[in-house]
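S.K.: Pasting final-v1.tsv here (TSV, C-alpha atoms):
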```tsv
chain	number	residue	atom	x	y	z
G	1	MET	CA	-134.52	-142.59	-153.89
G	2	LYS	CA	-131.93	-145.09	-152.66
G	3	HIS	CA	-128.94	-145.90	-154.81
G	4	SER	CA	-128.37	-149.60	-155.17
G	5	VAL	CA	-124.89	-151.08	-155.14
G	6	PRO	CA	-124.02	-153.22	-158.19
G	7	GLN	CA	-124.09	-156.89	-157.35
G	8	ASN	CA	-120.56	-157.46	-158.59
G	9	TYR	CA	-119.13	-154.59	-156.49
G	10	ASP	CA	-117.02	-155.53	-153.50
G	11	LEU	CA	-117.86	-153.22	-150.59
G	12	GLN	CA	-114.25	-153.51	-149.42
G	13	GLN	CA	-112.85	-152.70	-152.87
G	14	GLY	CA	-112.92	-148.95	-152.29
G	15	LYS	CA	-110.85	-149.32	-149.15
G	16	HIS	CA	-108.39	-151.69	-150.76
G	17	ASP	CA	-108.01	-149.59	-153.92
G	18	ALA	CA	-107.36	-146.27	-152.14
G	19	PRO	CA	-103.71	-147.03	-151.28
G	20	GLY	CA	-103.20	-148.38	-154.78
G	21	ARG	CA	-104.63	-145.26	-156.36
G	22	PHE	CA	-102.42	-143.11	-154.13
G	23	ARG	CA	-99.34	-145.11	-155.08
G	24	SER	CA	-100.30	-144.82	-158.73
G	25	PHE	CA	-100.72	-141.06	-158.38
G	26	CYS	CA	-97.32	-140.71	-156.68
G	27	ALA	CA	-95.64	-142.90	-159.28
G	28	ASN	CA	-97.17	-140.88	-162.11
G	29	PHE	CA	-96.24	-137.58	-160.41
G	30	PHE	CA	-92.61	-138.50	-159.83
G	31	TYR	CA	-92.40	-140.02	-163.31
G	32	HIS	CA	-93.02	-136.54	-164.72
G	33	ILE	CA	-90.82	-134.68	-162.21
G	34	ASP	CA	-87.06	-134.75	-162.64
G	35	LEU	CA	-85.78	-134.62	-159.07
G	36	LEU	CA	-82.25	-135.04	-160.39
G	37	GLN	CA	-82.56	-131.55	-161.84
G	38	ILE	CA	-84.82	-129.96	-159.22
G	39	ILE	CA	-82.74	-130.86	-156.14
G	40	PRO	CA	-79.40	-129.31	-157.24
G	41	MET	CA	-81.25	-126.38	-158.82
G	42	LEU	CA	-83.02	-125.51	-155.55
G	43	ILE	CA	-79.87	-126.07	-153.49
G	44	LEU	CA	-77.85	-123.69	-155.70
G	45	LEU	CA	-80.66	-121.12	-155.56
G	46	ALA	CA	-80.71	-121.38	-151.75
G	47	ILE	CA	-76.92	-120.98	-151.57
G	48	GLY	CA	-77.10	-117.93	-153.83
G	49	ALA	CA	-79.87	-116.29	-151.80
G	50	LEU	CA	-78.06	-116.97	-148.52
G	51	PHE	CA	-74.75	-115.48	-149.64
G	52	VAL	CA	-76.29	-112.53	-151.48
G	53	TYR	CA	-77.96	-111.69	-148.15
G	54	GLY	CA	-74.76	-112.25	-146.15
G	55	ILE	CA	-72.60	-110.18	-148.49
G	56	GLY	CA	-75.11	-107.33	-148.41
G	57	GLN	CA	-75.08	-107.24	-144.61
G	58	GLN	CA	-71.28	-107.29	-144.54
G	59	VAL	CA	-70.86	-104.52	-147.10
G	60	GLY	CA	-73.54	-102.38	-145.48
G	61	GLY	CA	-75.35	-99.39	-146.86
G	62	PHE	CA	-79.02	-99.34	-147.81
G	63	ALA	CA	-78.54	-100.52	-151.42
G	64	ALA	CA	-76.22	-103.45	-150.66
G	65	ALA	CA	-78.20	-104.51	-147.59
G	66	THR	CA	-81.43	-104.76	-149.60
G	67	PHE	CA	-80.03	-106.53	-152.69
G	68	TRP	CA	-81.25	-109.85	-151.29
G	69	LYS	CA	-84.86	-108.67	-151.50
G	70	ARG	CA	-84.51	-107.92	-155.21
G	71	HIS	CA	-82.67	-111.22	-155.63
G	72	LEU	CA	-85.61	-113.09	-154.07
G	73	LEU	CA	-87.97	-111.21	-156.40
G	74	TYR	CA	-85.95	-112.27	-159.45
G	75	MET	CA	-85.81	-115.81	-158.09
G	76	GLY	CA	-89.60	-115.85	-157.72
G	77	ILE	CA	-90.07	-114.57	-161.27
G	78	GLY	CA	-87.58	-117.14	-162.57
G	79	LEU	CA	-89.25	-120.04	-160.74
G	80	THR	CA	-92.62	-118.94	-162.11
G	81	PHE	CA	-91.15	-119.12	-165.62
G	82	TRP	CA	-89.58	-122.49	-164.76
G	83	ILE	CA	-92.98	-123.91	-163.81
G	84	ALA	CA	-94.65	-122.45	-166.91
G	85	PHE	CA	-91.97	-123.62	-169.34
G	86	SER	CA	-91.76	-127.04	-167.67
G	87	PHE	CA	-95.27	-128.03	-168.67
G	88	ILE	CA	-95.56	-126.33	-172.07
G	89	ASP	CA	-94.64	-128.76	-174.83
G	90	TYR	CA	-91.08	-127.66	-175.69
G	91	ARG	CA	-91.67	-128.29	-179.41
G	92	TRP	CA	-93.59	-125.02	-179.60
G	93	PHE	CA	-90.41	-123.12	-178.69
G	94	GLY	CA	-88.80	-123.87	-182.07
G	95	PRO	CA	-91.32	-121.94	-184.18
G	96	ALA	CA	-91.43	-119.28	-181.44
G	97	SER	CA	-87.72	-118.60	-182.03
G	98	ALA	CA	-88.60	-117.26	-185.50
G	99	PHE	CA	-90.21	-114.36	-183.64
G	100	LEU	CA	-87.87	-114.18	-180.62
G	101	TYR	CA	-84.62	-114.06	-182.60
G	102	PRO	CA	-85.34	-110.92	-184.71
G	103	VAL	CA	-86.75	-109.21	-181.61
G	104	SER	CA	-83.54	-109.97	-179.71
G	105	VAL	CA	-81.43	-108.56	-182.57
G	106	LEU	CA	-83.50	-105.36	-182.59
G	107	LEU	CA	-83.00	-105.06	-178.82
G	108	LEU	CA	-79.24	-105.47	-179.28
G	109	VAL	CA	-79.24	-102.66	-181.84
G	110	TYR	CA	-81.39	-100.49	-179.58
G	111	VAL	CA	-79.10	-100.95	-176.54
G	112	LEU	CA	-76.08	-99.68	-178.52
G	113	PHE	CA	-77.75	-96.29	-178.90
G	114	HIS	CA	-80.10	-96.00	-175.93
G	115	GLY	CA	-78.77	-98.50	-173.43
G	116	VAL	CA	-77.51	-97.78	-169.93
G	117	LYS	CA	-73.81	-98.15	-169.22
G	118	TYR	CA	-72.60	-100.23	-166.27
G	119	PHE	CA	-68.96	-101.12	-165.60
G	120	GLY	CA	-67.89	-99.75	-168.99
G	121	ALA	CA	-70.40	-101.70	-171.13
G	122	ARG	CA	-73.63	-100.36	-172.62
G	123	SER	CA	-75.48	-103.63	-172.01
G	124	TRP	CA	-78.69	-102.71	-170.19
G	125	ILE	CA	-82.10	-101.41	-171.17
G	126	GLU	CA	-84.14	-99.63	-168.51
G	127	PHE	CA	-87.90	-99.16	-168.48
G	128	GLY	CA	-88.62	-97.38	-165.20
G	129	PRO	CA	-87.82	-99.82	-162.37
G	130	ILE	CA	-87.30	-102.67	-164.83
G	131	ASN	CA	-83.89	-103.27	-166.40
G	132	PHE	CA	-82.59	-106.22	-168.36
G	133	GLN	CA	-79.76	-107.36	-170.62
G	134	PRO	CA	-80.79	-107.98	-174.26
G	135	ALA	CA	-77.72	-110.21	-174.64
G	136	GLU	CA	-79.37	-112.86	-172.45
G	137	VAL	CA	-82.51	-112.74	-174.60
G	138	ALA	CA	-80.30	-113.14	-177.68
G	139	LYS	CA	-78.46	-116.08	-176.12
G	140	LEU	CA	-81.74	-117.88	-175.44
G	141	SER	CA	-83.04	-117.16	-178.94
G	142	ILE	CA	-79.80	-118.52	-180.48
G	143	VAL	CA	-80.13	-121.80	-178.55
G	144	LEU	CA	-83.77	-122.20	-179.64
G	145	ALA	CA	-83.24	-121.15	-183.27
G	146	CYS	CA	-80.13	-123.30	-183.86
G	147	ALA	CA	-81.72	-126.36	-182.25
G	148	TRP	CA	-84.82	-125.87	-184.41
G	149	ILE	CA	-82.87	-125.53	-187.66
G	150	LEU	CA	-80.55	-128.45	-186.91
G	151	SER	CA	-83.51	-130.72	-186.13
G	152	MET	CA	-85.53	-129.95	-189.27
G	153	LYS	CA	-86.24	-132.78	-191.67
G	154	GLY	CA	-83.32	-133.26	-194.04
G	155	ALA	CA	-81.05	-130.94	-192.05
G	156	ASP	CA	-77.36	-131.66	-192.53
G	157	ILE	CA	-74.92	-129.36	-190.77
G	158	ASN	CA	-72.15	-130.68	-193.02
G	159	LYS	CA	-73.79	-129.06	-196.06
G	160	PHE	CA	-73.07	-125.39	-196.73
G	161	LEU	CA	-76.74	-124.44	-197.18
G	162	TRP	CA	-77.48	-125.70	-193.66
G	163	MET	CA	-74.25	-124.48	-192.08
G	164	LEU	CA	-74.65	-120.93	-193.40
G	165	PRO	CA	-77.88	-120.01	-191.53
G	166	VAL	CA	-76.49	-121.44	-188.29
G	167	LEU	CA	-73.33	-119.35	-188.64
G	168	ALA	CA	-75.38	-116.27	-189.53
G	169	ILE	CA	-77.64	-116.74	-186.50
G	170	VAL	CA	-74.69	-116.59	-184.12
G	171	ALA	CA	-72.60	-114.04	-186.06
G	172	VAL	CA	-75.04	-111.11	-185.90
G	173	PRO	CA	-75.55	-111.16	-182.10
G	174	PHE	CA	-71.85	-111.89	-181.59
G	175	PHE	CA	-70.74	-108.66	-183.24
G	176	LEU	CA	-73.53	-106.59	-181.69
G	177	ILE	CA	-72.71	-107.84	-178.17
G	178	LYS	CA	-68.99	-107.38	-178.75
G	179	LYS	CA	-69.77	-103.79	-179.78
G	180	GLN	CA	-71.29	-102.98	-176.35
G	181	PRO	CA	-68.51	-104.10	-175.44
G	182	ASP	CA	-69.28	-107.36	-173.60
G	183	LEU	CA	-66.65	-109.73	-174.93
G	184	GLY	CA	-67.28	-112.43	-172.31
G	185	THR	CA	-70.93	-112.89	-173.29
G	186	ALA	CA	-70.10	-112.65	-177.00
G	187	VAL	CA	-67.37	-115.30	-176.86
G	188	ILE	CA	-69.56	-117.79	-175.02
G	189	LEU	CA	-71.93	-117.88	-178.02
G	190	ILE	CA	-69.27	-119.73	-180.04
G	191	PRO	CA	-69.00	-122.91	-177.93
G	192	ILE	CA	-72.80	-122.99	-177.52
G	193	VAL	CA	-73.35	-123.28	-181.26
G	194	GLY	CA	-70.20	-125.38	-181.68
G	195	PHE	CA	-71.34	-128.09	-179.27
G	196	MET	CA	-74.86	-128.11	-180.73
G	197	ALA	CA	-73.39	-128.54	-184.22
G	198	PHE	CA	-71.15	-131.34	-182.93
G	199	ALA	CA	-74.22	-133.07	-181.46
G	200	ALA	CA	-75.85	-132.67	-184.88
G	201	ARG	CA	-73.02	-134.83	-186.30
G	202	LEU	CA	-70.70	-132.13	-187.65
G	203	LYS	CA	-67.77	-133.99	-189.20
G	204	TRP	CA	-64.39	-133.89	-187.55
G	205	ARG	CA	-62.71	-132.38	-190.60
G	206	TYR	CA	-64.87	-129.27	-190.29
G	207	LEU	CA	-64.03	-129.01	-186.61
G	208	ILE	CA	-60.34	-129.20	-187.46
G	209	ILE	CA	-60.74	-126.57	-190.19
G	210	LEU	CA	-62.66	-124.25	-187.85
G	211	GLY	CA	-60.01	-124.78	-185.16
G	212	ALA	CA	-57.23	-123.92	-187.60
G	213	VAL	CA	-59.08	-120.79	-188.74
G	214	ALA	CA	-59.52	-119.77	-185.09
G	215	LEU	CA	-55.79	-120.13	-184.44
G	216	ILE	CA	-55.04	-117.95	-187.45
G	217	VAL	CA	-57.64	-115.32	-186.53
G	218	LEU	CA	-56.82	-115.11	-182.80
G	219	PRO	CA	-53.69	-112.93	-183.18
G	220	ALA	CA	-55.59	-110.50	-185.39
G	221	ALA	CA	-58.54	-110.57	-182.97
G	222	TYR	CA	-56.21	-109.69	-180.09
G	223	PHE	CA	-55.09	-106.49	-181.79
G	224	SER	CA	-58.72	-105.50	-182.36
G	225	LEU	CA	-59.43	-105.58	-178.61
G	226	LYS	CA	-59.64	-102.46	-176.51
G	227	ASP	CA	-56.66	-101.64	-174.31
G	228	TYR	CA	-58.33	-102.72	-171.06
G	229	GLN	CA	-59.31	-106.07	-172.66
G	230	LYS	CA	-55.71	-106.68	-173.75
G	231	GLU	CA	-54.54	-105.79	-170.26
G	232	ARG	CA	-56.94	-108.32	-168.73
G	233	ILE	CA	-55.39	-111.08	-170.81
G	234	LEU	CA	-51.84	-110.01	-169.95
G	235	VAL	CA	-52.68	-109.76	-166.25
G	236	PHE	CA	-54.30	-113.19	-166.37
G	237	LEU	CA	-51.05	-114.61	-167.72
G	238	GLN	CA	-49.03	-112.65	-165.15
G	239	PRO	CA	-51.07	-111.15	-162.25
G	240	GLU	CA	-47.91	-109.74	-160.67
G	241	ARG	CA	-47.66	-107.46	-163.73
G	242	ASP	CA	-50.10	-105.01	-162.09
G	243	PRO	CA	-50.85	-106.27	-158.55
G	244	GLN	CA	-52.22	-102.95	-157.32
G	245	ASN	CA	-54.66	-102.41	-160.19
G	246	ARG	CA	-55.62	-104.88	-162.92
G	247	GLY	CA	-54.29	-107.94	-161.12
G	248	TRP	CA	-55.72	-106.95	-157.74
G	249	ASN	CA	-59.09	-108.71	-158.01
G	250	GLN	CA	-57.72	-112.10	-159.03
G	251	LEU	CA	-54.94	-112.02	-156.44
G	252	GLN	CA	-57.39	-111.11	-153.66
G	253	ALA	CA	-59.87	-113.75	-154.86
G	254	GLU	CA	-57.13	-116.38	-154.65
G	255	MET	CA	-56.22	-115.19	-151.15
G	256	ALA	CA	-59.87	-115.37	-150.06
G	257	ILE	CA	-60.24	-118.93	-151.37
G	258	GLY	CA	-56.96	-120.03	-149.81
G	259	SER	CA	-57.72	-118.45	-146.43
G	260	GLY	CA	-60.94	-120.48	-146.15
G	261	GLY	CA	-58.94	-123.63	-145.45
G	262	LEU	CA	-60.81	-126.91	-145.12
G	263	THR	CA	-64.02	-125.82	-143.38
G	264	GLY	CA	-64.04	-122.03	-143.79
G	265	LYS	CA	-64.35	-119.11	-141.37
G	266	GLY	CA	-68.10	-119.36	-140.94
G	267	PHE	CA	-71.10	-117.63	-142.49
G	268	MET	CA	-70.64	-113.85	-142.65
G	269	GLN	CA	-67.22	-114.21	-141.02
G	270	SER	CA	-65.10	-113.56	-144.11
G	271	THR	CA	-62.58	-110.71	-144.07
G	272	GLN	CA	-61.60	-110.13	-147.70
G	273	ASN	CA	-65.03	-108.84	-148.72
G	274	PRO	CA	-66.04	-106.56	-145.79
G	275	MET	CA	-62.55	-105.05	-145.64
G	276	GLY	CA	-62.80	-104.12	-149.33
G	277	TYR	CA	-60.09	-106.39	-150.72
G	278	LEU	CA	-62.65	-108.01	-153.03
G	279	PRO	CA	-64.52	-105.56	-155.29
G	280	GLN	CA	-67.65	-104.89	-153.23
G	281	THR	CA	-69.64	-103.71	-156.23
G	282	VAL	CA	-69.52	-107.22	-157.75
G	283	SER	CA	-68.69	-109.45	-154.76
G	284	ASN	CA	-72.28	-110.70	-154.81
G	285	SER	CA	-72.19	-111.48	-158.53
G	286	ASP	CA	-68.92	-111.96	-160.42
G	287	PHE	CA	-66.87	-112.72	-157.28
G	288	ILE	CA	-69.41	-114.54	-155.13
G	289	PHE	CA	-67.48	-117.83	-155.30
G	290	PRO	CA	-64.43	-116.50	-153.37
G	291	VAL	CA	-66.78	-115.35	-150.58
G	292	ILE	CA	-68.41	-118.80	-150.47
G	293	ALA	CA	-64.98	-120.45	-150.44
G	294	GLU	CA	-63.66	-118.21	-147.65
G	295	GLU	CA	-66.69	-118.79	-145.44
G	296	THR	CA	-67.29	-122.51	-146.13
G	297	GLY	CA	-63.79	-123.65	-147.07
G	298	PHE	CA	-62.78	-126.45	-149.38
G	299	ILE	CA	-65.73	-128.60	-148.28
G	300	GLY	CA	-68.31	-125.92	-149.11
G	301	SER	CA	-66.62	-125.06	-152.40
G	302	LEU	CA	-66.51	-128.73	-153.39
G	303	PHE	CA	-70.21	-129.07	-152.52
G	304	VAL	CA	-71.10	-126.18	-154.85
G	305	VAL	CA	-69.04	-127.72	-157.67
G	306	LEU	CA	-70.70	-131.12	-157.09
G	307	MET	CA	-74.15	-129.51	-157.32
G	308	PHE	CA	-73.23	-128.03	-160.70
G	309	MET	CA	-71.92	-131.41	-161.83
G	310	LEU	CA	-75.17	-133.09	-160.75
G	311	LEU	CA	-77.22	-130.41	-162.53
G	312	LEU	CA	-75.21	-130.86	-165.74
G	313	PHE	CA	-75.52	-134.64	-165.47
G	314	SER	CA	-79.32	-134.30	-165.22
G	315	ILE	CA	-79.41	-132.12	-168.36
G	316	LEU	CA	-77.26	-134.54	-170.36
G	317	ARG	CA	-79.37	-137.46	-169.13
G	318	THR	CA	-82.47	-135.63	-170.36
G	319	ALA	CA	-80.72	-135.22	-173.73
G	320	LEU	CA	-80.40	-139.01	-173.96
G	321	LEU	CA	-84.06	-139.48	-172.98
G	322	ALA	CA	-85.41	-136.80	-175.36
G	323	ALA	CA	-88.05	-137.89	-177.83
G	324	ASP	CA	-86.49	-136.05	-180.78
G	325	ASP	CA	-83.41	-134.25	-182.04
G	326	PHE	CA	-84.84	-130.84	-181.20
G	327	GLY	CA	-85.00	-131.78	-177.53
G	328	ARG	CA	-81.51	-133.26	-177.61
G	329	TYR	CA	-79.94	-130.20	-179.22
G	330	LEU	CA	-81.72	-127.90	-176.77
G	331	CYS	CA	-80.30	-129.86	-173.84
G	332	ILE	CA	-76.80	-129.66	-175.31
G	333	GLY	CA	-77.14	-125.89	-175.77
G	334	VAL	CA	-78.40	-125.36	-172.20
G	335	ALA	CA	-75.69	-127.62	-170.74
G	336	THR	CA	-73.05	-125.63	-172.64
G	337	VAL	CA	-74.37	-122.30	-171.30
G	338	ILE	CA	-74.31	-123.50	-167.69
G	339	PHE	CA	-70.98	-125.33	-168.05
G	340	PHE	CA	-69.04	-122.40	-169.54
G	341	HIS	CA	-70.56	-119.82	-167.20
G	342	SER	CA	-69.67	-121.98	-164.20
G	343	VAL	CA	-66.17	-122.87	-165.34
G	344	ILE	CA	-65.26	-119.31	-166.36
G	345	ASN	CA	-66.74	-117.72	-163.23
G	346	ILE	CA	-65.04	-120.14	-160.83
G	347	GLY	CA	-61.92	-120.25	-163.02
G	348	MET	CA	-61.34	-116.50	-162.88
G	349	SER	CA	-61.34	-116.73	-159.07
G	350	ILE	CA	-58.50	-119.26	-159.09
G	351	ARG	CA	-56.62	-117.82	-162.08
G	352	LEU	CA	-57.64	-120.48	-164.59
G	353	THR	CA	-59.49	-117.99	-166.83
G	354	PRO	CA	-59.30	-114.20	-167.37
G	355	VAL	CA	-61.73	-111.90	-165.57
G	356	THR	CA	-64.74	-111.62	-167.87
G	357	GLY	CA	-67.70	-110.61	-165.71
G	358	LEU	CA	-69.75	-113.76	-166.32
G	359	PRO	CA	-72.04	-114.58	-163.36
G	360	LEU	CA	-72.26	-117.95	-161.59
G	361	PRO	CA	-75.54	-119.62	-162.69
G	362	LEU	CA	-78.30	-119.69	-160.03
G	363	VAL	CA	-75.91	-118.34	-157.37
G	364	SER	CA	-74.77	-114.85	-158.42
G	365	TYR	CA	-76.95	-111.83	-157.78
G	366	GLY	CA	-78.65	-110.63	-160.92
G	367	GLY	CA	-81.96	-110.35	-162.66
G	368	THR	CA	-81.80	-111.17	-166.36
G	369	PHE	CA	-79.34	-114.05	-166.18
G	370	LEU	CA	-80.99	-115.65	-163.14
G	371	VAL	CA	-84.40	-115.57	-164.84
G	372	ALA	CA	-82.87	-116.75	-168.14
G	373	THR	CA	-81.13	-119.68	-166.42
G	374	LEU	CA	-84.40	-120.83	-164.85
G	375	ILE	CA	-86.09	-120.54	-168.26
G	376	TYR	CA	-83.34	-122.75	-169.74
G	377	LEU	CA	-83.88	-125.32	-167.00
G	378	GLY	CA	-87.66	-125.10	-167.43
G	379	ILE	CA	-87.26	-125.96	-171.12
G	380	VAL	CA	-85.02	-128.91	-170.22
G	381	HIS	CA	-87.61	-130.07	-167.70
G	382	SER	CA	-90.29	-129.85	-170.39
G	383	ILE	CA	-88.15	-132.14	-172.54
G	384	TYR	CA	-88.04	-134.58	-169.63
G	385	VAL	CA	-91.81	-134.35	-169.01
G	386	HIS	CA	-92.62	-134.90	-172.70
G	387	ARG	CA	-89.90	-137.47	-173.34
G	388	GLU	CA	-92.34	-140.14	-174.55
G	389	LYS	CA	-94.91	-137.98	-176.30
G	390	GLN	CA	-95.16	-137.62	-180.05
G	391	SER	CA	-94.53	-134.24	-181.58
G	392	MET	CA	-97.55	-131.97	-182.03
G	393	ILE	CA	-95.66	-129.99	-184.64
G	394	ASP	CA	-94.39	-131.40	-187.91
G	395	LEU	CA	-90.91	-129.88	-188.21
```
Represent the supplied structure as structure tokens.
M.R.:
Amino acid sequence: MKHSVPQNYDLQQGKHDAPGRFRSFCANFFYHIDLLQIIPMLILLAIGALFVYGIGQQVGGFAAATFWKRHLLYMGIGLTFWIAFSFIDYRWFGPASAFLYPVSVLLLVYVLFHGVKYFGARSWIEFGPINFQPAEVAKLSIVLACAWILSMKGADINKFLWMLPVLAIVAVPFFLIKKQPDLGTAVILIPIVGFMAFAARLKWRYLIILGAVALIVLPAAYFSLKDYQKERILVFLQPERDPQNRGWNQLQAEMAIGSGGLTGKGFMQSTQNPMGYLPQTVSNSDFIFPVIAEETGFIGSLFVVLMFMLLLFSILRTALLAADDFGRYLCIGVATVIFFHSVINIGMSIRLTPVTGLPLPLVSYGGTFLVATLIYLGIVHSIYVHREKQSMIDL
């Protein structure tokens, strides 16, 4: 049986409409893809993979030389999560935090008694070949839970009944992480919640009161630190105090960055790391920036910083485009995580911040934090994708 063509159908219409349909498809695709986030994210991931490989080959030994393979595995897992979280409606993550947060607290308790100790902190849980840091799970759950509470109907952070649960949510993980002890990760929880509360219209007088309380508490907090933590602060203020021991890493990191000059010594041509002046156990994680600076110089270092600035700009732009407060507060929380990790990690290499052991997002070698960072960015991308859709959940 022959199929007849409708009389009002233009035989040339199919040909003429094909380019239009293709353009429409491309426009719709790119409308839901935030290249402003994806491009710097992929560039930073590529830089991290390249230098983790290079550092491993320089250091030598089977373990160091194969770190890049594990790094690529973590990167693949993280990108898989990024894709999954990008296209799930982010509004489901708020109720999910009611389950994730207590689980993260239980994991923090568990790690204190049964965790594995690395570099003086009992921060890791191992299940056979799998190991992870519960603190990163807790950090993610805090961002989700606080954003969800602050965006609920009738929420007012300036009222005690709303402020109390937010403070409680951050206080419990703070003390458990500090107990490990991992002071750097614990301290970073404070600005995360602080900036989210500020975005939720916390009044200036409360900020001033909290700042005054912090100034009063800081001296007492200093005396509660362990001896090595006190020494880190003193060495940060005066590296020459102990140049052969506590101040060694920062002094050598500064020398590595300075010796890179304008254009650097070339890939895998650095001297501070292979000769052992930088701590080789963490030169691919905590001190990866000095290696990048020595090999690529001021130009390469500036490029890395610009990529972080572009990534942060994309997150804050998504906050402005978000369809609801929950999305906005999530973006602020994620931006704060990435900003403080980046500033503290780079800052400790140029003596602007004390040595804390915080990795450089997307660049440093590591499993849990790399995967967690890509989950953060996947959630932000979901906010961008769903920026004009109505909520499926009545908060």
S.K.: Restricting the calculation to only C-alpha atoms, which member of G:Val305, G:Leu140, G:Ile299, G:Leu358 is positioned closest to Leu377 in chain G?
M.R.: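 Of G:Val305, G:Leu140, G:Ile299, G:Leu358, the one nearest Leu377 in chain G, counting only C-alpha atoms, is G:Leu140.
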S.K.: Counting only C-alpha atoms, which residue out of G:Glu231, G:Glu254, G:Glu295, G:Asp324 sits closest to Ser349 in chain G?
M.R.: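 The closest residue to Ser349 in chain G is G:Glu254.
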S.K.: Between G:Val143, G:Ile209, G:Leu50, G:Ile33, which one has atoms that come closest to Pro191 in chain G, using all atoms listed in the file?
M.R.: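 That would be G:Val143, the residue with the smallest distance to Pro191 in chain G.
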S.K.: For Gln238 in chain G, which residue among G:Val291, G:Pro354, G:Lys159, G:Leu183 is the nearest when counting only C-alpha atoms?
M.R.: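 Of all the options, G:Pro354 lies closest to Gln238 in chain G.
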S.K.: Counting all atoms listed in the file, figure out which residue out of G:Gly333, G:Pro129, G:Gly297, G:Pro290 gets nearest to Ile350 in chain G.
M.R.: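 Looking only at the distances to Ile350 in chain G, the closest residue turns out to be G:Pro290.
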S.K.: Give the answer as one residue: which of G:Thr368, G:Ser141, G:Gln180, G:Gln269 has the shortest atom-to-atom distance to Ile192 in chain G, using only C-alpha atoms?
M.R.: G:Ser141
S.K.: Which protein, DNA or RNA residues have an atom at most 10 Å from (-74.6, -128.1, -170.8), counting all atoms listed in the file? List them as a list in words.
M.R.: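 Neighbouring residues, ordered by chain and number, come to Ile192, Phe195, Met196, Met309, Leu311, Leu312, Phe313, Ser314, Ile315, Leu316, Ala319, Leu330, Cys331, Ile332, Gly333, Val334, Ala335, Thr336, Val337, Ile338, Phe339, Phe340 and His341 of chain G.
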S.K.: May I have the selected residues written with C-alpha atoms, as an mmCIF file, in the coordinates of the input?
M.R.:
```cif
data_model
loop_
_atom_site.group_PDB
_atom_site.id
_atom_site.type_symbol
_atom_site.label_atom_id
_atom_site.label_comp_id
_atom_site.auth_asym_id
_atom_site.auth_seq_id
_atom_site.Cartn_x
_atom_site.Cartn_y
_atom_site.Cartn_z
ATOM 1 C CA ILE G 192 -72.800 -122.990 -177.520
ATOM 2 C CA PHE G 195 -71.340 -128.090 -179.270
ATOM 3 C CA MET G 196 -74.860 -128.110 -180.730
ATOM 4 C CA MET G 309 -71.920 -131.410 -161.830
ATOM 5 C CA LEU G 311 -77.220 -130.410 -162.530
ATOM 6 C CA LEU G 312 -75.210 -130.860 -165.740
ATOM 7 C CA PHE G 313 -75.520 -134.640 -165.470
ATOM 8 C CA SER G 314 -79.320 -134.300 -165.220
ATOM 9 C CA ILE G 315 -79.410 -132.120 -168.360
ATOM 10 C CA LEU G 316 -77.260 -134.540 -170.360
ATOM 11 C CA ALA G 319 -80.720 -135.220 -173.730
ATOM 12 C CA LEU G 330 -81.720 -127.900 -176.770
ATOM 13 C CA CYS G 331 -80.300 -129.860 -173.840
ATOM 14 C CA ILE G 332 -76.800 -129.660 -175.310
ATOM 15 C CA GLY G 333 -77.140 -125.890 -175.770
ATOM 16 C CA VAL G 334 -78.400 -125.360 -172.200
ATOM 17 C CA ALA G 335 -75.690 -127.620 -170.740
ATOM 18 C CA THR G 336 -73.050 -125.630 -172.640
ATOM 19 C CA VAL G 337 -74.370 -122.300 -171.300
ATOM 20 C CA ILE G 338 -74.310 -123.500 -167.690
ATOM 21 C CA PHE G 339 -70.980 -125.330 -168.050
ATOM 22 C CA PHE G 340 -69.040 -122.400 -169.540
ATOM 23 C CA HIS G 341 -70.560 -119.820 -167.200
#
```
S.K.: So how far away is CA of Phe308 in chain G from CA of Leu36 in chain G, in Å?
M.R.: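 A separation of 11.4 Å between them.
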S.K.: Tell me, counting all atoms listed in the file, for each residue of range 94-202 of chain G within 12 Å of range 70-90 of chain G, which pair of atoms is nearest and how far apart they are in Å to one decimal, in rows ordered by chain and increasing number, as JSON lines.
M.R.:
```
{"residue": "G:Gly94", "atom": "CA", "partner": "G:Tyr90", "partner_atom": "CA", "distance": 7.8}
{"residue": "G:Pro95", "atom": "CA", "partner": "G:Tyr90", "partner_atom": "CA", "distance": 10.2}
{"residue": "G:Ala96", "atom": "CA", "partner": "G:Tyr90", "partner_atom": "CA", "distance": 10.2}
{"residue": "G:Ser97", "atom": "CA", "partner": "G:Tyr90", "partner_atom": "CA", "distance": 11.6}
{"residue": "G:Pro129", "atom": "CA", "partner": "G:Arg70", "partner_atom": "CA", "distance": 11.3}
{"residue": "G:Ile130", "atom": "CA", "partner": "G:Tyr74", "partner_atom": "CA", "distance": 11.1}
{"residue": "G:Asn131", "atom": "CA", "partner": "G:Tyr74", "partner_atom": "CA", "distance": 11.6}
{"residue": "G:Phe132", "atom": "CA", "partner": "G:Tyr74", "partner_atom": "CA", "distance": 11.3}
{"residue": "G:Leu144", "atom": "CA", "partner": "G:Tyr90", "partner_atom": "CA", "distance": 9.9}
{"residue": "G:Ala147", "atom": "CA", "partner": "G:Tyr90", "partner_atom": "CA", "distance": 11.5}
{"residue": "G:Trp148", "atom": "CA", "partner": "G:Tyr90", "partner_atom": "CA", "distance": 10.9}
```
S.K.: Could you list, as a list in words, every residue within 10 Å of range 172-175 of chain G, counting only C-alpha atoms and ignoring same-chain residues fewer than 2 positions away?
M.R.: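 The neighbour list is Tyr101, Ser104, Val105, Leu106, Leu108, Val109, Pro134, Ala135, Ala138, Lys139, Ile142, Leu167, Ala168, Ile169, Val170, Ile177, Lys178, Lys179, Gln180, Pro181, Asp182, Leu183, Thr185, Ala186, Val187, Ile188, Leu189 and Ile190 of chain G.
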